[in-house]
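One structure is given here, and the rest of the page talks about it.
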There are 4 protein chains.
Amino acid sequence: MTLAHGRPYLAIPGPSVMPDRVLAAMHRPAPNIYEGALVEMVHGLVPDLKAAARTAGEVAIYIANGHGAWEAAASNTIRPGEKVLVLSTGRFAAGWGVVFERLGAETQVIDFGKRAAVDLGAVEAALAADSAHKIKAVIVVHVDTATSVKNDIPGIRAVLDKLGHPALYMVDCIASLAVDRFEMDAWGVDVMVAASQKGLMTPPGLGFVFFNEKAAARQVETASFYWDWTPRANPALFYQFFGGTAPTHHLFGLREALDMIAEEGGIEAVWARHEKLARAAWAAFDAWGQGGPLEMNIADPGLRSCAVTALRIGGEDGTRLRRWVDEKAGLTLGIGLGMAEPDDPAWHGFFRLGHMGHINGHMMMGALGVIEAGLAALDIPHGPGALAAAARVIAEA
Amino acid sequence: MTLAHGRPYLAIPGPSVMPDRVLAAMHRPAPNIYEGALVEMVHGLVPDLKAAARTAGEVAIYIANGHGAWEAAASNTIRPGEKVLVLSTGRFAAGWGVVFERLGAETQVIDFGKRAAVDLGAVEAALAADSAHKIKAVIVVHVDTATSVKNDIPGIRAVLDKLGHPALYMVDCIASLAVDRFEMDAWGVDVMVAASQKGLMTPPGLGFVFFNEKAAARQVETASFYWDWTPRANPALFYQFFGGTAPTHHLFGLREALDMIAEEGGIEAVWARHEKLARAAWAAFDAWGQGGPLEMNIADPGLRSCAVTALRIGGEDGTRLRRWVDEKAGLTLGIGLGMAEPDDPAWHGFFRLGHMGHINGHMMMGALGVIEAGLAALDIPHGPGALAAAARVIAEA
Amino acid sequence: MTLAHGRPYLAIPGPSVMPDRVLAAMHRPAPNIYEGALVEMVHGLVPDLKAAARTAGEVAIYIANGHGAWEAAASNTIRPGEKVLVLSTGRFAAGWGVVFERLGAETQVIDFGKRAAVDLGAVEAALAADSAHKIKAVIVVHVDTATSVKNDIPGIRAVLDKLGHPALYMVDCIASLAVDRFEMDAWGVDVMVAASQKGLMTPPGLGFVFFNEKAAARQVETASFYWDWTPRANPALFYQFFGGTAPTHHLFGLREALDMIAEEGGIEAVWARHEKLARAAWAAFDAWGQGGPLEMNIADPGLRSCAVTALRIGGEDGTRLRRWVDEKAGLTLGIGLGMAEPDDPAWHGFFRLGHMGHINGHMMMGALGVIEAGLAALDIPHGPGALAAAARVIAEA
Amino acid sequence: MTLAHGRPYLAIPGPSVMPDRVLAAMHRPAPNIYEGALVEMVHGLVPDLKAAARTAGEVAIYIANGHGAWEAAASNTIRPGEKVLVLSTGRFAAGWGVVFERLGAETQVIDFGKRAAVDLGAVEAALAADSAHKIKAVIVVHVDTATSVKNDIPGIRAVLDKLGHPALYMVDCIASLAVDRFEMDAWGVDVMVAASQKGLMTPPGLGFVFFNEKAAARQVETASFYWDWTPRANPALFYQFFGGTAPTHHLFGLREALDMIAEEGGIEAVWARHEKLARAAWAAFDAWGQGGPLEMNIADPGLRSCAVTALRIGGEDGTRLRRWVDEKAGLTLGIGLGMAEPDDPAWHGFFRLGHMGHINGHMMMGALGVIEAGLAALDIPHGPGALAAAARVIAEA
């Protein structure tokens, strides 16, 4: 038998659960792209996006996924032959580095492994060694969706400042924007990259690059037409917002999502919700782990993202558990990413729980509840008291 | 703070959670009502509705809510002055009795209170006393949504048969159809009343009256035009299905809901899912009740419906808990119904959890999870181990 | 080949074209039916419905189609054995009469044929003959959807007043509400019946009965539970608005439709639009008729409804034309209704163009344009200049 | 007064009218992007896209608008410093040329003005002069959305072949795909660029680059990560289809649109419909022009696109007419593009009628009908018989 028939719950680390309101806002006739409701609405998106990113800088909106936003950021900032320092804490900073390389940049990668955050000492050493300031940009992900680590963004800025290193500081917040606290201006980030489908609760298809004056001043002449952020951030004509035809339906979806954030009380309320929900999940994972193989990939809670939790369980139990909760209870968990290759048997020993965006108390308890059911059904050893512990965290709301 | 921002979850005992597929099926241009897709589709609804009701009899579809379906059933079966035996186990059989009275019938009510099922001995006594067979119909609800009791439908038929009493046997399955096992023909039910918004997962607006040959043969000449079941069950022209304009959009929604039931494996699979989910809830309620005031209204599990569970908690804690899970965690519970008047302070000591229709494992665990959080947050004493107990039931899937 | 692939256009006389906004408003999760957004919203529907009907009286909302609203009106006003005067100008007054008969009333029908409005002299004669005031109600349709005739509602009231006849004056505005000018209070109508799916642009499933103090005072004790208008018009508890579970999704659709009427400038603006569009259609029909068999069923423009135009074309050309515009150009016309039986070859010589509700200039010109194309394609003789004539009327906007 | 209240009709040259089915297909929960329905569905898109383009070559799908697809095509084919021949017949080939320039290419532009197609003699002269074959690509738009000219795509290929010139032949079909006949392989096109929001009836947000073996073989090493067409056309892993996260909702919309094309009878039926509808429009424009200033921008019907017709009317009448039909009749026409600068008073003398995608007979007649009404209302002289002439073309269906 199965208990899956009911609302499907997609708890992968992106795309996140799309709110009914966002989907409804996208279900509309195509609008005129030269004047009227769309044109009037788009201008209002800009301040709200900046508020979500905590910046007084600029934002360029792209029809693209996160990889496109990566390329946009790279195209505007680096010339062929210039050097980029890549601080790798999982999968995505290295992926972004490849995008730079494909544009002709040289990369220097520091790999912090799959279970750790950026070590500031190592960053300082690398930058200090670059006395000629050949490194033109330092790139890092705020939250690595694969490992679920959260990096110390202001800490890296402090290292740059301490050394007086002029490199652009570029941060990927694709997984963390509108989830984990992020303060672009206060934390001294020059360029920030994000996308629509996670904390912003809008289907995949929009990428964002935020940039400050320093980054704007450094814009390179090799930026391509499509990626050029200048006309997008300061369009003389409406179509320049999007370098061509506007992504009409996504924009109405994004508008609704930003309205929802405002109605919740703004970005700080959104952060607080995610933190509490993540702590509920961690309480459960901790308890289960006391009596079995389940273990959070990031041991230090201070280094964990509130967007996703990567789990290690070993053997084939990651895949078994994912299958069970999907087929028996209607919950789709994320695969483990980057911990082992798909053709390696070890690949099956990992999974992830996404908890970003449109998620509330009963959804988190529902996800954890059927994970416990799955552990029981599959005879995977696990400690007691996990759900009660999670409920106690929820009770703090 | 609040953890409510996310998918709202309406866990009241109807309307139930509307599947996205059903809502999408209703989001369509108005169809032609004389020929084409609508006309072709409607004929297929009839066998699927009958399959859900386990009958080879007839079905009349009404644009109406459940109260309208009650009136339809009454209008076709009883003349002014005739007598109806009402077996009351909460709120709804008595309500149906009033509908009969308003059509001129005389009712004899046996009230079994708010925490018990129909007592067969009392039924036998009442019918045996009616040696003149003045009672033309016996009416009962399969599941009373207020008390969450489930009555012994074949047992009442056995009493009628034992006595050779010719009264029509009429059952309200508004809360139970496509939730609790119900076998119209095998259980000897002559007339059954249902509605769209609970187990059938379609917005309120459609009522159904199923009837067998015995009931058809007894149809009274006083049936009104709108309620007359004959042309609806056997229309010569399409509009007669609905006594006028078809409820176009609801019909497409119902079609989708019936398709979902078929895809799940048919009505028996639907029953099995509901039973398991209900047992998970009961396991949690039992555990909480060991250490505090929470108590299921119906003590005997064999008498509980799988559609809804009515709870007693006392004081103001019913209302407090409802408010907390709604405002803090996104879960809407049902008010207590019929246990006390709304202006009686005792009214706040009750609530109900709906678990009918489009509900699966993670939804049930999510609802229970935030109830536990609410009990903790509100310092309402409760026994431990409830969520783990519920998860163990889910694990049996 | 076909030129039908594109937006389907349903130009039958109901259901009318559902606005995207209305459908979107219905595409939502089920709401709580005890408190919250739904409950707050419903109260606001009442004044807006009354404004559309131009009455300070009461309104009862029913989950029902128009036939159900007919029965509601009848159930509240007439006792078995009482007499009703039926003024028949096509199909629907007589149909309503049957509903009264099935409730036990006696009807006296005056049939004005299929191409004429009510003759006031005949009404006066009938009422004058009823010196004993056995006639308790006079019923008439404002607009007969079959013949497209529009009756002189204030004229009939004048006859009643002239004779001092106390009968209730009951009018069916199912086809005309929010289309043709109708002034319930100013015109002295006691009871008015309407439905959602025509001028109110909401899917079939809601019926309305408006009634004034005189009708309220006369309410009969035989009104059934479901049809009783008193608790619906003045509910003590929310569920009494609907005699049970609320038609949740339809109500949100209706709210949106009423908002659209308000945004257009109110009911007078809606009437003016319909009148202009109808005149455009009539200009075209006049022109075509100059050179061929096409003829409007109602010769006198002052007696034509702005909701629908019934056409006579003869032979099989009604059906041929309907088929052609449907299959070749994406336009669905209405069948002729009530002019001949479906098994009579003459049946194929009629059709209707619905032009009620969510219809604007390009839609009307599109419908007329492909009718002209169809006439040409099928070699049906027709006069020239029809589309230009229609465009000239549109140009007056 | 206004006759605009009804279905809005957006008749601009893109985005086109989105079918309800496409919008409904996009209104769904986010799917898993690693396995399941989305993954299974995407593979089927590829052959259907190729069928629409009439190619056995490859297709790369981009989250991007048409400008992004331009850049994708350029990024894969041209190195900095290489030369591109731009055949400009309005606005868009020159725009594409700028994209090449921004990637470092040198362009040679032949401008054929705003009212003419590519002159093959001029192309031959330019290519013959390039005996060193420095020109690596010849770019042209099939249909220029601004001028509505349709270029002779096989004719240009014949020139290349005659001269044995090895340049890649790259064609922009953004406005013409699934509208005007286009045969990628038979016509010898090496690279073709398209987008979702016109003939493919899907909201803006997807771009497509089709390429043949010759183009694949010439792929340059400077292609950026995001634009690299190789992994997109032949992905080893699912995410490579889209260079990152899939555009989940758009893909389901595109699937529905491609199904609609198939249901219509395939791409040839779609072409035939567009041709007939365009000829209806041209018949009307011809008639109006006989008695007034209205004139089609492209005089030769053989050079006109079936996707859009650009009109010249002079003075302020373009803007006046657009405003009138929008505010009075619910039709939104396209602005004139590229004929004059927006701050030039002459700008107001142009407009465009889009007739691509989800358009059928009544829609075309509706658009033309209210244009005639507008001409009359605004006292703009125009010849008679336009609508009748258009209807005669529709009658040929």
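Within each chain, counting starts at residue 1; across the structure tokens, chains are named A, B, ... in the order shown, with ligands numbered 1 upward in that order.
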
* **Interface residues on chain B facing chain D, 10 Å, only C-alpha atoms, written as a VMD selection string** => chain B and resid 20 to 21 24 to 25 27 to 29

* Apply DSSP to the structure's backbone, then extract all residues of stretch 103-333 of chain B labelled strand (DSSP E) and return them as a PyMOL selection string. => chain B and resi 106-111+135-141+168-172+191-195+206-211+295-296+308-312+331-333

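Using only C-alpha atoms, the protein and nucleic acid residues lying no more than 8 Å from C:Val123, apart from those fewer than 6 places from it along its own chain, are Leu87, Ile156 and Val159 of chain C.
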
* Which polymer residues have any atom within 12 Å of an atom of A:Lys134, counting only C-alpha atoms, with same-chain residues fewer than 5 positions away left out, as number ranges by chain? -> A: 78-79, 81-85, 105-108, 126-129, 165-168

Those same residues, written as a PDB file, in the first residue's frame with N, CA and C atoms?
ATOM      1  N   ILE A  78      35.683  40.340 -15.309  1.00  0.00           N
ATOM      2  CA  ILE A  78      37.002  39.738 -15.543  1.00  0.00           C
ATOM      3  C   ILE A  78      37.326  39.716 -17.037  1.00  0.00           C
ATOM      4  N   ARG A  79      38.555  40.105 -17.347  1.00  0.00           N
ATOM      5  CA  ARG A  79      39.036  40.005 -18.730  1.00  0.00           C
ATOM      6  C   ARG A  79      39.755  38.663 -18.921  1.00  0.00           C
ATOM      7  N   GLY A  81      42.506  36.222 -19.199  1.00  0.00           N
ATOM      8  CA  GLY A  81      43.865  36.298 -18.680  1.00  0.00           C
ATOM      9  C   GLY A  81      43.967  36.769 -17.246  1.00  0.00           C
ATOM     10  N   GLU A  82      42.903  37.351 -16.730  1.00  0.00           N
ATOM     11  CA  GLU A  82      42.954  37.804 -15.343  1.00  0.00           C
ATOM     12  C   GLU A  82      42.712  36.623 -14.391  1.00  0.00           C
ATOM     13  N   LYS A  83      43.042  36.880 -13.128  1.00  0.00           N
ATOM     14  CA  LYS A  83      43.070  35.777 -12.163  1.00  0.00           C
ATOM     15  C   LYS A  83      41.953  35.906 -11.133  1.00  0.00           C
ATOM     16  N   VAL A  84      41.405  34.749 -10.787  1.00  0.00           N
ATOM     17  CA  VAL A  84      40.304  34.691  -9.831  1.00  0.00           C
ATOM     18  C   VAL A  84      40.661  33.684  -8.739  1.00  0.00           C
ATOM     19  N   LEU A  85      40.431  34.072  -7.509  1.00  0.00           N
ATOM     20  CA  LEU A  85      40.655  33.151  -6.396  1.00  0.00           C
ATOM     21  C   LEU A  85      39.327  32.482  -6.041  1.00  0.00           C
ATOM     22  N   ALA A 105      39.526  33.454 -17.976  1.00  0.00           N
ATOM     23  CA  ALA A 105      40.224  33.801 -16.741  1.00  0.00           C
ATOM     24  C   ALA A 105      41.094  32.634 -16.282  1.00  0.00           C
ATOM     25  N   GLU A 106      42.026  32.977 -15.431  1.00  0.00           N
ATOM     26  CA  GLU A 106      42.843  31.963 -14.762  1.00  0.00           C
ATOM     27  C   GLU A 106      42.289  31.821 -13.351  1.00  0.00           C
ATOM     28  N   THR A 107      42.167  30.623 -12.863  1.00  0.00           N
ATOM     29  CA  THR A 107      41.645  30.468 -11.505  1.00  0.00           C
ATOM     30  C   THR A 107      42.684  29.854 -10.586  1.00  0.00           C
ATOM     31  N   GLN A 108      42.634  30.285  -9.337  1.00  0.00           N
ATOM     32  CA  GLN A 108      43.424  29.650  -8.272  1.00  0.00           C
ATOM     33  C   GLN A 108      42.401  29.127  -7.271  1.00  0.00           C
ATOM     34  N   ALA A 126      46.672  33.114   0.990  1.00  0.00           N
ATOM     35  CA  ALA A 126      46.651  33.194  -0.476  1.00  0.00           C
ATOM     36  C   ALA A 126      46.676  34.642  -0.940  1.00  0.00           C
ATOM     37  N   LEU A 127      45.913  35.462  -0.283  1.00  0.00           N
ATOM     38  CA  LEU A 127      45.872  36.865  -0.708  1.00  0.00           C
ATOM     39  C   LEU A 127      47.171  37.590  -0.360  1.00  0.00           C
ATOM     40  N   ALA A 128      47.710  37.265   0.777  1.00  0.00           N
ATOM     41  CA  ALA A 128      48.962  37.915   1.163  1.00  0.00           C
ATOM     42  C   ALA A 128      50.066  37.572   0.159  1.00  0.00           C
ATOM     43  N   ALA A 129      49.987  36.343  -0.357  1.00  0.00           N
ATOM     44  CA  ALA A 129      50.995  35.927  -1.343  1.00  0.00           C
ATOM     45  C   ALA A 129      50.835  36.663  -2.669  1.00  0.00           C
ATOM     46  N   HIS A 165      43.630  44.328   0.088  1.00  0.00           N
ATOM     47  CA  HIS A 165      43.632  43.710  -1.250  1.00  0.00           C
ATOM     48  C   HIS A 165      42.463  44.256  -2.062  1.00  0.00           C
ATOM     49  N   PRO A 166      42.707  44.724  -3.259  1.00  0.00           N
ATOM     50  CA  PRO A 166      41.655  45.405  -4.037  1.00  0.00           C
ATOM     51  C   PRO A 166      40.747  44.474  -4.834  1.00  0.00           C
ATOM     52  N   ALA A 167      40.940  43.186  -4.715  1.00  0.00           N
ATOM     53  CA  ALA A 167      40.121  42.273  -5.541  1.00  0.00           C
ATOM     54  C   ALA A 167      38.629  42.498  -5.274  1.00  0.00           C
ATOM     55  N   LEU A 168      37.852  42.303  -6.329  1.00  0.00           N
ATOM     56  CA  LEU A 168      36.397  42.298  -6.151  1.00  0.00           C
ATOM     57  C   LEU A 168      36.031  41.093  -5.302  1.00  0.00           C
TER      58      LEU A 168
END

Give me, as a compact mmCIF listing (two decimals) with all heavy atoms, in the first residue's frame, all polymer residues having an atom no more than 9 Å from B:Phe252, counting only C-alpha atoms and skipping those fewer than 4 positions away in the same chain.
# COMPACT_ATOMS: atom_id res chain seq x y z
N VAL B 22 -7.45 18.98 -9.43
CA VAL B 22 -8.88 19.30 -9.50
C VAL B 22 -9.08 20.78 -9.79
O VAL B 22 -9.89 21.18 -10.65
CB VAL B 22 -9.58 18.87 -8.19
CG1 VAL B 22 -10.99 19.43 -8.12
CG2 VAL B 22 -9.59 17.34 -8.09
N ALA B 25 -8.30 21.51 -13.31
CA ALA B 25 -9.33 21.03 -14.24
C ALA B 25 -10.52 21.98 -14.30
O ALA B 25 -11.24 22.03 -15.31
CB ALA B 25 -9.79 19.63 -13.83
N MET B 26 -10.73 22.72 -13.25
CA MET B 26 -11.84 23.68 -13.21
C MET B 26 -11.45 25.03 -13.83
O MET B 26 -12.33 25.87 -14.06
CB MET B 26 -12.29 23.88 -11.77
CG MET B 26 -12.87 22.63 -11.14
SD MET B 26 -13.35 22.88 -9.40
CE MET B 26 -14.72 24.03 -9.60
N LEU B 38 -17.99 18.47 -22.85
CA LEU B 38 -18.72 18.35 -21.58
C LEU B 38 -19.73 17.21 -21.66
O LEU B 38 -19.81 16.35 -20.78
CB LEU B 38 -19.43 19.66 -21.23
CG LEU B 38 -20.29 19.57 -19.98
CD1 LEU B 38 -19.43 19.56 -18.73
CD2 LEU B 38 -21.30 20.71 -19.93
N MET B 41 -18.22 13.87 -21.64
CA MET B 41 -17.58 13.53 -20.38
C MET B 41 -18.56 13.11 -19.30
O MET B 41 -18.30 12.18 -18.53
CB MET B 41 -16.74 14.72 -19.91
CG MET B 41 -16.00 14.52 -18.61
SD MET B 41 -16.99 15.03 -17.18
CE MET B 41 -16.80 16.80 -17.31
N VAL B 42 -19.69 13.79 -19.25
CA VAL B 42 -20.59 13.58 -18.12
C VAL B 42 -21.10 12.15 -18.03
O VAL B 42 -21.21 11.59 -16.92
CB VAL B 42 -21.76 14.59 -18.17
CG1 VAL B 42 -22.89 14.17 -17.23
CG2 VAL B 42 -21.26 15.98 -17.79
N THR B 248 -20.87 23.30 -15.03
CA THR B 248 -19.80 22.95 -15.98
C THR B 248 -18.44 22.73 -15.32
O THR B 248 -17.78 21.71 -15.54
CB THR B 248 -19.70 24.04 -17.04
OG1 THR B 248 -19.65 25.32 -16.37
CG2 THR B 248 -20.92 24.05 -17.95
N GLU B 256 -11.73 14.87 -12.67
CA GLU B 256 -10.31 14.72 -12.30
C GLU B 256 -10.18 13.98 -10.98
O GLU B 256 -9.32 13.10 -10.82
CB GLU B 256 -9.68 16.11 -12.19
CG GLU B 256 -8.17 16.08 -12.11
CD GLU B 256 -7.53 15.73 -13.44
OE1 GLU B 256 -8.17 15.88 -14.49
OE2 GLU B 256 -6.35 15.27 -13.41
N ALA B 257 -11.04 14.30 -10.03
CA ALA B 257 -10.98 13.63 -8.72
C ALA B 257 -11.25 12.14 -8.86
O ALA B 257 -10.58 11.31 -8.24
CB ALA B 257 -11.98 14.27 -7.76

* List the neighbours of B:Ser148 out to 9 Å using only C-alpha atoms; skip same-chain residues closer than 2 positions along the sequence, and give me the result as JSON, numbers by chain. => {"B": [90, 115, 143, 144, 145, 146, 150, 297, 298, 303, 304, 305, 306, 307, 308, 309, 310, 352]}
